[in-house]
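Enquirer: Okay, here's the structure, questions in a sec.
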Amino acid sequence: MRRTQALVRVAVSLLADPDGRRWGYDLMQESGVRSGALYPILRRLLDEGWLSDGWEDPATIRGRPPRRYYELTELGLRQLGALLAEARHDARFRQIVPGVAQ
Amino acid sequence: MSGLLDGGSAFWIFPVSVLVFGATLGLLPGLVLRLLVRLYPKDDPRRDELFAELYGPKMTRFRRFEWVFQQLETALRDGLSARRELRRRRARLAAAQQRLAEFLNRARGENLVSLSMTCHRTGQVREITSPDDLTTNDMVSGTVIIVRWWGYRQSDHRAPSFHEPTPFAPPAVEPPAILDWSKPLP
């Protein structure tokens with residue numbers, strides 16, 4: 001998968017909480033990636049099997065429709081981890097990837 | 001008299017303004033989003049997802065406007081590409097089903113004893129029993145459909161060349177996939 005600023009930002013957000021359930025809107029706010037770029041990335045990650053998805057249990061919510069959540073798969077954890085490891089050596093992503101010396 | 005009339009019309013301005021303001025704030029984002037998600041294919045889960053996000057717990061009423069107008073870009077990029085991808089997958093699915101059906105018809109005439117079909121889709125493995133079990137969701141890049149068969153009653157030169165059948169025993173070596181979507185279709 002081609003490394004872009006948006007993908008690296010989304011990867012950083014996803015790996016910040018690798019076991020948690022993530023929502024599209026929350027990911028948008030955390031990563032700072034606008035929704036027009038985020039949702040195509042999420043679709044690609046789903047197709048690659050790096051993410052799995054599901055819907056909130058309607059019994060646990062009231063007065064609103066259930067939201068779709070995303071979870072990192074084992075494969076996604078490995079692949080996005082590798083992607084960030086590569087991004088650390090790339091000057092384009094210095095501002096984004098944590099733990100990189102300026 | 002005219003002053004009274006003016007006063008009367010002024011009396012209605014406030015409630016009407018409140019109604020218009022409330023309707024704009026409450027209904028407009030949902031209506032606009034309902035139009036935008038039509039750019040997605042009919043059964044695309046993103047239609048429901050975007051609605052759920054609009055009414056999600058962290059979305060304030062004032063933020064909804066900005067968010068809905070951002071979805072114009074999302075729907076144009078993601079929705080239209082989803083439509084193109086769906087068309088591509090349908091074409092792939094039709095080709096895969098036809099190829100599997102042809103293979104099964106041919107295999108029936110070969111005194112086949114046992115056959116298994118597996119769909120490996122991005123790490124997930126699923127048994128399939130007929131071409132109709134395949135769906136457009138399976139037709140992503142990287143999907144491999146593996147057909148294994150064994151137990152020919154007689155050696156037959158017409159057997160497919162991509163796997164040498166081993167009579168009455170499962171193949172020791174995994175035969176190559178007959179369909180591999182990581183490569184372009186023949």
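Residue numbers start at 1 in each chain; chains themselves are named A, B, ... in the order of the structure tokens; ligands are numbered from 1 in the order shown.
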Find the residues around Met28 (chain A) up to 10 Å (only C-alpha atoms counted), leave out those fewer than 2 positions away in its own chain, and share them as a PyMOL selection string.

Expert: chain A and resi 9-10+13+23-26+30-39

Enquirer: Where does chain A meet chain B within 12 Å, residue by residue, with the nearest atom pair and distance in Å to one decimal for each, counting only C-alpha atoms, listed by chain and rising number, as a tab-separated table?

Expert:
```
residue	atom	partner	partner_atom	distance
A:Trp23	CA	B:Glu53	CA	8.3
A:Gly24	CA	B:Glu53	CA	7.5
A:Tyr25	CA	B:Glu53	CA	6.4
A:Asp26	CA	B:Lys58	CA	8.4
A:Leu27	CA	B:Glu53	CA	11.6
A:Met28	CA	B:Trp67	CA	10.7
A:Gln29	CA	B:Lys58	CA	10.5
A:Val33	CA	B:Gln70	CA	11.6
A:Arg34	CA	B:Gln70	CA	7.8
A:Ser35	CA	B:Thr74	CA	6.0
A:Gly36	CA	B:Thr74	CA	3.8
A:Ala37	CA	B:Thr74	CA	7.2
A:Leu38	CA	B:Thr74	CA	8.4
A:Tyr39	CA	B:Asp78	CA	6.7
A:Pro40	CA	B:Asp78	CA	5.4
A:Ile41	CA	B:Asp78	CA	9.2
A:Leu42	CA	B:Asp78	CA	10.1
A:Arg43	CA	B:Asp78	CA	8.5
A:Arg44	CA	B:Val140	CA	10.0
A:Leu45	CA	B:Thr122	CA	10.6
A:Leu46	CA	B:Thr122	CA	9.4
A:Asp47	CA	B:Val140	CA	6.5
A:Glu48	CA	B:Thr122	CA	5.9
A:Gly49	CA	B:Thr122	CA	5.3
A:Trp50	CA	B:Thr122	CA	8.6
A:Leu51	CA	B:Thr122	CA	10.6
A:Ser52	CA	B:Gln124	CA	11.1
A:Asp53	CA	B:Pro45	CA	10.4
A:Gly54	CA	B:Pro45	CA	10.2
A:Trp55	CA	B:Glu49	CA	8.9
A:Glu56	CA	B:Ala52	CA	10.1
A:Pro58	CA	B:Ala52	CA	11.6
A:Ile61	CA	B:Pro57	CA	10.0
A:Arg62	CA	B:Pro57	CA	10.4
A:Gly63	CA	B:Tyr55	CA	9.0
A:Arg64	CA	B:Tyr55	CA	6.1
A:Pro65	CA	B:Ala52	CA	5.1
A:Pro66	CA	B:Ala52	CA	6.0
A:Arg67	CA	B:Ala52	CA	5.1
A:Arg68	CA	B:Glu49	CA	5.6
A:Tyr69	CA	B:Glu49	CA	9.0
A:Tyr70	CA	B:Glu49	CA	11.4
A:Thr73	CA	B:Gly123	CA	10.2
A:Glu74	CA	B:Gly123	CA	10.1
A:Leu75	CA	B:Gly123	CA	8.1
A:Gly76	CA	B:Thr122	CA	10.8
```

Enquirer: Name the residues of chain A that come out as alpha helix (DSSP H) in a backbone DSSP run; write them as a ChimeraX atom specification.

Expert: /A:5-16,24-31,35-47,74-87

Enquirer: Using DSSP on the backbone, list every residue of chain A that comes out as strand (DSSP E or B), and give them as an mmCIF file with C-alpha atoms, in the first residue's frame.

Expert:
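Produced file out.cif, reproduced below:
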```
data_model
loop_
_atom_site.group_PDB
_atom_site.id
_atom_site.type_symbol
_atom_site.label_atom_id
_atom_site.label_comp_id
_atom_site.auth_asym_id
_atom_site.auth_seq_id
_atom_site.Cartn_x
_atom_site.Cartn_y
_atom_site.Cartn_z
ATOM 1 C CA ARG A 22 -12.453 2.920 16.621
ATOM 2 C CA TRP A 23 -15.150 5.035 14.991
ATOM 3 C CA LEU A 51 -9.041 -3.918 9.711
ATOM 4 C CA SER A 52 -12.238 -5.684 10.617
ATOM 5 C CA ASP A 53 -15.529 -3.925 11.155
ATOM 6 C CA GLY A 54 -18.808 -4.352 13.006
ATOM 7 C CA TRP A 55 -21.791 -2.445 14.327
ATOM 8 C CA ARG A 68 -19.857 1.177 12.602
ATOM 9 C CA TYR A 69 -16.608 0.407 14.374
ATOM 10 C CA TYR A 70 -13.200 -0.687 13.154
ATOM 11 C CA GLU A 71 -10.706 -2.973 14.850
ATOM 12 C CA LEU A 72 -7.143 -3.762 13.933
#
```

Enquirer: Grab the CA of Val8 (chain A) to CA of Arg21 (chain A) distance for me, in Å with one decimal place.

Expert: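 For CA of Val8 (chain A) relative to CA of Arg21 (chain A), the distance reads 18.7 Å.
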
Enquirer: Between CA of Thr136 (chain B) and CA of Asn105 (chain B), measure the distance and give it in Å to one decimal.

Expert: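 Going from CA of Thr136 (chain B) over to CA of Asn105 (chain B) covers 22.7 Å.
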
Enquirer: Would you work out the distance separating CA of Arg88 (chain B) from CA of Arg38 (chain B), expressed in Å to one decimal?

Expert: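 Distance reported for this atom pair: 19.3 Å.
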
Enquirer: Point out the residue among B:Ala23, B:Cys119, B:Leu80, B:Val147 with the least atom-to-atom distance to Leu39 (chain B), counting only C-alpha atoms.

Expert: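 Nearest to Leu39 (chain B): B:Leu80.
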